[in-house]
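Remarks on the structure that follows.
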Amino acid sequence: MTAVSITGLTKRFGPVEALAPVNLTVESGEVVTLLGPSGCGKTTLLRIVGGLEPASDGSVLVDGLPPAAARRAKRVGLVPQSPGLLAWRTVRANARLLLDVNRSATATTLRTDVDELLREVGLDAFADAYPHELSGGMQQRVALVRAFALDAPLLLMDEPFAALDEMTREDMRHLLVSLCERTRATVLFVTHSIAEAAFVSDRVVVMTPRPGRIHSIVPVGLPRPRRSGLEEDVAFFAVETQLRTALRDGAGR
């Protein structure tokens, strides 16, 4: 089934053309990454799909609905660059935030689902802690749990690990892949990291400098589940090389 359908999408900010016509389809259960230089419109495209920004032209459907309608129907979850945790709520309460706001299940069900996810990401011992007591990586784990707990069919992730150190960032992408493989979530992911794109994705959409357009779509082809140590495999290096070449070609270098 098609989760996201983008046809002839353009975006202008006054005289500035941010996105040239973009056509893209994301199938249900896929992890698709937008990879490209700064300012190429990756985040803008993500915000349009999420119903947070209007398109200038073209159409976008999320599960057959316009983006704003899909967002109102809780069909879309967002993981931004900053975890955005509320300082006065505990880890458990922050993880429950979207569920509490939407109140789409009983309190017992919410507590059980969130606690299971916290346990899965290794935060069960910190469920009653507050954000200031957590490291940056731990805070981002809470943000992941908050998004996955909503059980939205589509997750939009805007460079969620960009502020983390390299070792923590590697741990987080392993964790993300594990959650995606278990839940079968559809993910549209934004990153500047070639290694990150290669590890988490089924396909990578390589974009050109502004105005952003799709230069190429690279199928990753690495087996799932993605195992520990994959980054040292010759097949992984081959995917990285292919993505690096596509980025250079897209930039006209």
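Here, A, B, ... name the chains of the structure tokens in the order displayed, residue numbers run from 1 inside each chain, and ligands are numbered from 1 in the same displayed order.
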
Spatial neighbours of segment 191-203 of chain A, 9 Å, only C-alpha atoms, chain gap at least 6 places, as an mmCIF file with N, CA and C atoms, in the first residue's frame:
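Once written, around_5.cif looks like this:
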data_model
loop_
_atom_site.group_PDB
_atom_site.id
_atom_site.type_symbol
_atom_site.label_atom_id
_atom_site.label_comp_id
_atom_site.auth_asym_id
_atom_site.auth_seq_id
_atom_site.Cartn_x
_atom_site.Cartn_y
_atom_site.Cartn_z
ATOM 1 N N GLU A 30 8.081 1.140 4.502
ATOM 2 C CA GLU A 30 9.398 1.560 4.022
ATOM 3 C C GLU A 30 10.029 2.593 4.952
ATOM 4 N N VAL A 31 11.364 2.594 4.984
ATOM 5 C CA VAL A 31 12.129 3.694 5.562
ATOM 6 C C VAL A 31 12.832 4.384 4.401
ATOM 7 N N VAL A 32 12.417 5.602 4.104
ATOM 8 C CA VAL A 32 12.959 6.366 2.988
ATOM 9 C C VAL A 32 13.632 7.613 3.549
ATOM 10 N N THR A 33 14.876 7.840 3.134
ATOM 11 C CA THR A 33 15.653 8.955 3.647
ATOM 12 C C THR A 33 15.842 10.020 2.585
ATOM 13 N N LEU A 34 15.694 11.291 2.993
ATOM 14 C CA LEU A 34 16.016 12.434 2.141
ATOM 15 C C LEU A 34 17.428 12.879 2.503
ATOM 16 N N LEU A 35 18.326 12.832 1.536
ATOM 17 C CA LEU A 35 19.737 13.146 1.739
ATOM 18 C C LEU A 35 20.142 14.221 0.749
ATOM 19 N N GLY A 36 20.785 15.263 1.244
ATOM 20 C CA GLY A 36 21.213 16.330 0.342
ATOM 21 C C GLY A 36 21.888 17.443 1.109
ATOM 22 N N PRO A 37 22.450 18.423 0.401
ATOM 23 C CA PRO A 37 23.168 19.524 1.056
ATOM 24 C C PRO A 37 22.224 20.429 1.831
ATOM 25 N N SER A 38 22.788 21.216 2.735
ATOM 26 C CA SER A 38 21.989 22.185 3.494
ATOM 27 C C SER A 38 21.285 23.136 2.537
ATOM 28 N N LYS A 42 15.019 19.681 2.169
ATOM 29 C CA LYS A 42 14.635 18.409 2.808
ATOM 30 C C LYS A 42 13.616 18.635 3.918
ATOM 31 N N MET A 157 10.915 12.186 10.508
ATOM 32 C CA MET A 157 12.062 12.408 11.388
ATOM 33 C C MET A 157 13.019 13.396 10.739
ATOM 34 N N ASP A 158 13.165 14.556 11.386
ATOM 35 C CA ASP A 158 13.976 15.642 10.832
ATOM 36 C C ASP A 158 15.313 15.711 11.556
ATOM 37 N N GLU A 159 16.299 14.990 11.047
ATOM 38 C CA GLU A 159 17.649 14.962 11.639
ATOM 39 C C GLU A 159 17.598 14.788 13.160
ATOM 40 N N PRO A 160 16.924 13.767 13.656
ATOM 41 C CA PRO A 160 16.723 13.656 15.104
ATOM 42 C C PRO A 160 17.996 13.378 15.891
ATOM 43 N N PHE A 161 19.071 12.928 15.227
ATOM 44 C CA PHE A 161 20.287 12.572 15.951
ATOM 45 C C PHE A 161 21.436 13.543 15.662
ATOM 46 N N ALA A 162 21.154 14.648 14.992
ATOM 47 C CA ALA A 162 22.209 15.549 14.516
ATOM 48 C C ALA A 162 23.041 16.148 15.644
ATOM 49 N N ARG A 169 25.140 8.665 18.386
ATOM 50 C CA ARG A 169 24.363 8.710 17.148
ATOM 51 C C ARG A 169 24.276 7.322 16.521
ATOM 52 N N GLU A 170 25.384 6.577 16.542
ATOM 53 C CA GLU A 170 25.376 5.221 16.007
ATOM 54 C C GLU A 170 24.433 4.330 16.803
ATOM 55 N N ARG A 173 20.772 5.147 15.812
ATOM 56 C CA ARG A 173 20.264 4.619 14.539
ATOM 57 C C ARG A 173 20.038 3.116 14.618
ATOM 58 N N HIS A 174 20.833 2.414 15.419
ATOM 59 C CA HIS A 174 20.569 0.989 15.642
ATOM 60 C C HIS A 174 19.220 0.818 16.353
ATOM 61 N N LEU A 176 16.671 2.939 16.339
ATOM 62 C CA LEU A 176 15.596 3.295 15.414
ATOM 63 C C LEU A 176 15.271 2.137 14.476
ATOM 64 N N VAL A 177 16.298 1.527 13.919
ATOM 65 C CA VAL A 177 16.082 0.402 13.008
ATOM 66 C C VAL A 177 15.365 -0.743 13.720
ATOM 67 N N ILE A 217 17.275 8.163 -6.860
ATOM 68 C CA ILE A 217 16.772 7.362 -5.746
ATOM 69 C C ILE A 217 17.601 6.082 -5.708
ATOM 70 N N VAL A 218 18.308 5.896 -4.596
ATOM 71 C CA VAL A 218 19.245 4.781 -4.476
ATOM 72 C C VAL A 218 18.641 3.695 -3.593
ATOM 73 N N PRO A 219 18.371 2.505 -4.137
ATOM 74 C CA PRO A 219 17.933 1.395 -3.277
ATOM 75 C C PRO A 219 19.117 0.883 -2.469
ATOM 76 N N VAL A 220 18.912 0.692 -1.166
ATOM 77 C CA VAL A 220 20.027 0.304 -0.298
ATOM 78 C C VAL A 220 20.347 -1.182 -0.451
ATOM 79 N N GLY A 221 19.354 -2.041 -0.385
ATOM 80 C CA GLY A 221 19.578 -3.448 -0.670
ATOM 81 C C GLY A 221 20.318 -4.237 0.394
ATOM 82 N N LEU A 222 20.583 -3.643 1.552
ATOM 83 C CA LEU A 222 21.220 -4.387 2.634
ATOM 84 C C LEU A 222 20.165 -5.227 3.354
ATOM 85 N N ARG A 226 18.946 -5.347 10.222
ATOM 86 C CA ARG A 226 20.276 -4.767 10.117
ATOM 87 C C ARG A 226 21.072 -5.148 11.364
ATOM 88 N N LEU A 230 27.412 -4.134 10.816
ATOM 89 C CA LEU A 230 27.155 -3.968 9.389
ATOM 90 C C LEU A 230 28.004 -2.844 8.793
ATOM 91 N N GLU A 231 28.255 -1.802 9.600
ATOM 92 C CA GLU A 231 29.011 -0.647 9.101
ATOM 93 C C GLU A 231 30.428 -1.003 8.659
ATOM 94 N N PHE A 236 28.285 -2.497 2.887
ATOM 95 C CA PHE A 236 27.902 -1.201 3.441
ATOM 96 C C PHE A 236 28.756 -0.096 2.826
ATOM 97 N N PHE A 237 30.057 -0.341 2.703
ATOM 98 C CA PHE A 237 30.938 0.647 2.081
ATOM 99 C C PHE A 237 30.523 0.919 0.637
ATOM 100 N N VAL A 239 27.465 0.832 -0.572
ATOM 101 C CA VAL A 239 26.292 1.719 -0.550
ATOM 102 C C VAL A 239 26.720 3.150 -0.238
ATOM 103 N N GLU A 240 27.609 3.321 0.737
ATOM 104 C CA GLU A 240 28.114 4.665 1.065
ATOM 105 C C GLU A 240 28.757 5.313 -0.155
ATOM 106 N N THR A 241 29.553 4.553 -0.879
ATOM 107 C CA THR A 241 30.223 5.083 -2.069
ATOM 108 C C THR A 241 29.216 5.501 -3.124
ATOM 109 N N LEU A 243 26.131 6.463 -2.613
ATOM 110 C CA LEU A 243 25.443 7.673 -2.151
ATOM 111 C C LEU A 243 26.344 8.898 -2.274
ATOM 112 N N ARG A 244 27.615 8.749 -1.937
ATOM 113 C CA ARG A 244 28.554 9.866 -2.032
ATOM 114 C C ARG A 244 28.696 10.317 -3.490
#

Shell around Val142 of chain A at 9 Å using only C-alpha atoms, local window under 3 positions removed, as number ranges by chain: A: 83, 85, 91-92, 94-95, 118, 121, 123, 137-139, 145-147

How about saving the chosen residues, C-alpha atoms kept, as a short mmCIF file (atom, residue, chain, number, x, y, z; two decimals), in the first residue's frame?
data_model
loop_
_atom_site.label_atom_id
_atom_site.label_comp_id
_atom_site.auth_asym_id
_atom_site.auth_seq_id
_atom_site.Cartn_x
_atom_site.Cartn_y
_atom_site.Cartn_z
CA PRO A 83 13.64 16.25 21.78
CA LEU A 85 10.70 17.38 26.41
CA VAL A 91 10.27 10.55 31.42
CA ARG A 92 7.12 8.42 31.51
CA ASN A 94 6.84 12.97 28.48
CA ALA A 95 6.64 9.66 26.63
CA LEU A 118 10.75 2.54 27.66
CA VAL A 121 15.00 1.48 24.67
CA LEU A 123 14.98 3.72 29.95
CA GLY A 137 20.97 10.58 23.87
CA MET A 138 18.58 9.53 26.61
CA GLN A 139 16.36 12.54 25.93
CA VAL A 145 9.23 6.47 22.46
CA ARG A 146 6.77 9.39 22.40
CA ALA A 147 6.48 9.14 18.60
#

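Here atom CA of Pro153 of chain A and atom CA of Ala3 of chain A stand 8.0 Å from one another.
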
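Minimum atom-to-atom distances from A:Arg75, A:Arg210, A:Arg119, A:Arg227 to Gly39 of chain A were compared using only C-alpha atoms, and the lowest value belongs to A:Arg210.
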
Nearby residues (only C-alpha atoms) at most 10 Å from Ala93 of chain A, same-chain spacing under 5 positions excluded, as number ranges by chain: A: 85-86, 88, 98-100, 111, 114, 127-130, 142, 146

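When only C-alpha atoms are used to measure the gap to Gly252 of chain A, the shortest distance among A:Ala163, A:Ala20, A:Met207, A:Ala185 belongs to A:Met207.
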
Those of segment 27-202 of chain A in DSSP alpha helix (DSSP H), formatted as a PyMOL selection string: chain A and resi 42-49+67-72+91-95+97-102+107-120+136-149+166-183+194-200

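All residues within segment 77-232 of chain A that the backbone DSSP calculation assigns to strand (DSSP E) are Gly77, Leu78, Val79, Leu154, Leu155, Leu156, Met157, Asp158, Thr186, Val187, Leu188, Phe189, Val190, Thr191, Arg203, Val204, Val205, Val206, Met207, Ile214, His215, Ser216, Ile217, Val218 and Pro219 of chain A.
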
Could you turn the residues from that selection into a file that holds N, CA and C atoms, as a PDB file, in the first residue's frame?
ATOM      1  N   GLY A  77       3.269  11.099  12.842  1.00  0.00           N
ATOM      2  CA  GLY A  77       4.037  11.454  14.025  1.00  0.00           C
ATOM      3  C   GLY A  77       5.308  12.169  13.598  1.00  0.00           C
ATOM      4  N   LEU A  78       5.796  13.084  14.427  1.00  0.00           N
ATOM      5  CA  LEU A  78       6.971  13.884  14.087  1.00  0.00           C
ATOM      6  C   LEU A  78       8.030  13.754  15.169  1.00  0.00           C
ATOM      7  N   VAL A  79       9.278  13.496  14.748  1.00  0.00           N
ATOM      8  CA  VAL A  79      10.426  13.511  15.650  1.00  0.00           C
ATOM      9  C   VAL A  79      11.362  14.608  15.151  1.00  0.00           C
ATOM     10  N   LEU A 154       2.662   6.821   9.874  1.00  0.00           N
ATOM     11  CA  LEU A 154       3.802   7.487   9.247  1.00  0.00           C
ATOM     12  C   LEU A 154       4.564   8.310  10.280  1.00  0.00           C
ATOM     13  N   LEU A 155       5.879   8.109  10.344  1.00  0.00           N
ATOM     14  CA  LEU A 155       6.742   8.909  11.204  1.00  0.00           C
ATOM     15  C   LEU A 155       7.645   9.779  10.340  1.00  0.00           C
ATOM     16  N   LEU A 156       7.681  11.071  10.642  1.00  0.00           N
ATOM     17  CA  LEU A 156       8.546  12.022   9.954  1.00  0.00           C
ATOM     18  C   LEU A 156       9.668  12.399  10.910  1.00  0.00           C
ATOM     19  N   MET A 157      10.915  12.186  10.508  1.00  0.00           N
ATOM     20  CA  MET A 157      12.062  12.408  11.388  1.00  0.00           C
ATOM     21  C   MET A 157      13.019  13.396  10.739  1.00  0.00           C
ATOM     22  N   ASP A 158      13.165  14.556  11.386  1.00  0.00           N
ATOM     23  CA  ASP A 158      13.976  15.642  10.832  1.00  0.00           C
ATOM     24  C   ASP A 158      15.313  15.711  11.556  1.00  0.00           C
ATOM     25  N   THR A 186       6.190   3.152   8.815  1.00  0.00           N
ATOM     26  CA  THR A 186       6.680   3.840   7.628  1.00  0.00           C
ATOM     27  C   THR A 186       7.393   5.101   8.094  1.00  0.00           C
ATOM     28  N   VAL A 187       8.598   5.333   7.594  1.00  0.00           N
ATOM     29  CA  VAL A 187       9.396   6.463   8.068  1.00  0.00           C
ATOM     30  C   VAL A 187       9.924   7.260   6.885  1.00  0.00           C
ATOM     31  N   LEU A 188       9.755   8.579   6.959  1.00  0.00           N
ATOM     32  CA  LEU A 188      10.423   9.512   6.053  1.00  0.00           C
ATOM     33  C   LEU A 188      11.435  10.260   6.901  1.00  0.00           C
ATOM     34  N   PHE A 189      12.712  10.065   6.595  1.00  0.00           N
ATOM     35  CA  PHE A 189      13.815  10.458   7.476  1.00  0.00           C
ATOM     36  C   PHE A 189      14.696  11.481   6.760  1.00  0.00           C
ATOM     37  N   VAL A 190      15.117  12.511   7.479  1.00  0.00           N
ATOM     38  CA  VAL A 190      16.018  13.522   6.924  1.00  0.00           C
ATOM     39  C   VAL A 190      17.360  13.444   7.632  1.00  0.00           C
ATOM     40  N   THR A 191      18.449  13.452   6.858  1.00  0.00           N
ATOM     41  CA  THR A 191      19.781  13.450   7.460  1.00  0.00           C
ATOM     42  C   THR A 191      20.788  14.061   6.496  1.00  0.00           C
ATOM     43  N   ARG A 203      15.396   2.908   0.890  1.00  0.00           N
ATOM     44  CA  ARG A 203      15.776   3.711  -0.275  1.00  0.00           C
ATOM     45  C   ARG A 203      16.241   5.077   0.213  1.00  0.00           C
ATOM     46  N   VAL A 204      17.171   5.673  -0.549  1.00  0.00           N
ATOM     47  CA  VAL A 204      17.662   7.010  -0.221  1.00  0.00           C
ATOM     48  C   VAL A 204      17.374   7.936  -1.396  1.00  0.00           C
ATOM     49  N   VAL A 205      16.685   9.034  -1.106  1.00  0.00           N
ATOM     50  CA  VAL A 205      16.366  10.043  -2.109  1.00  0.00           C
ATOM     51  C   VAL A 205      17.450  11.116  -2.047  1.00  0.00           C
ATOM     52  N   VAL A 206      18.272  11.197  -3.080  1.00  0.00           N
ATOM     53  CA  VAL A 206      19.368  12.162  -3.132  1.00  0.00           C
ATOM     54  C   VAL A 206      18.870  13.429  -3.817  1.00  0.00           C
ATOM     55  N   MET A 207      18.979  14.558  -3.101  1.00  0.00           N
ATOM     56  CA  MET A 207      18.442  15.823  -3.602  1.00  0.00           C
ATOM     57  C   MET A 207      19.551  16.772  -4.037  1.00  0.00           C
ATOM     58  N   ILE A 214      14.738  15.955  -6.947  1.00  0.00           N
ATOM     59  CA  ILE A 214      15.304  14.611  -6.775  1.00  0.00           C
ATOM     60  C   ILE A 214      16.304  14.349  -7.886  1.00  0.00           C
ATOM     61  N   HIS A 215      17.558  14.144  -7.498  1.00  0.00           N
ATOM     62  CA  HIS A 215      18.587  13.789  -8.471  1.00  0.00           C
ATOM     63  C   HIS A 215      18.531  12.296  -8.789  1.00  0.00           C
ATOM     64  N   SER A 216      18.408  11.469  -7.742  1.00  0.00           N
ATOM     65  CA  SER A 216      18.346  10.022  -7.934  1.00  0.00           C
ATOM     66  C   SER A 216      17.761   9.376  -6.694  1.00  0.00           C
ATOM     67  N   ILE A 217      17.275   8.163  -6.860  1.00  0.00           N
ATOM     68  CA  ILE A 217      16.772   7.362  -5.746  1.00  0.00           C
ATOM     69  C   ILE A 217      17.601   6.082  -5.708  1.00  0.00           C
ATOM     70  N   VAL A 218      18.308   5.896  -4.596  1.00  0.00           N
ATOM     71  CA  VAL A 218      19.245   4.781  -4.476  1.00  0.00           C
ATOM     72  C   VAL A 218      18.641   3.695  -3.593  1.00  0.00           C
ATOM     73  N   PRO A 219      18.371   2.505  -4.137  1.00  0.00           N
ATOM     74  CA  PRO A 219      17.933   1.395  -3.277  1.00  0.00           C
ATOM     75  C   PRO A 219      19.117   0.883  -2.469  1.00  0.00           C
TER      76      PRO A 219
END
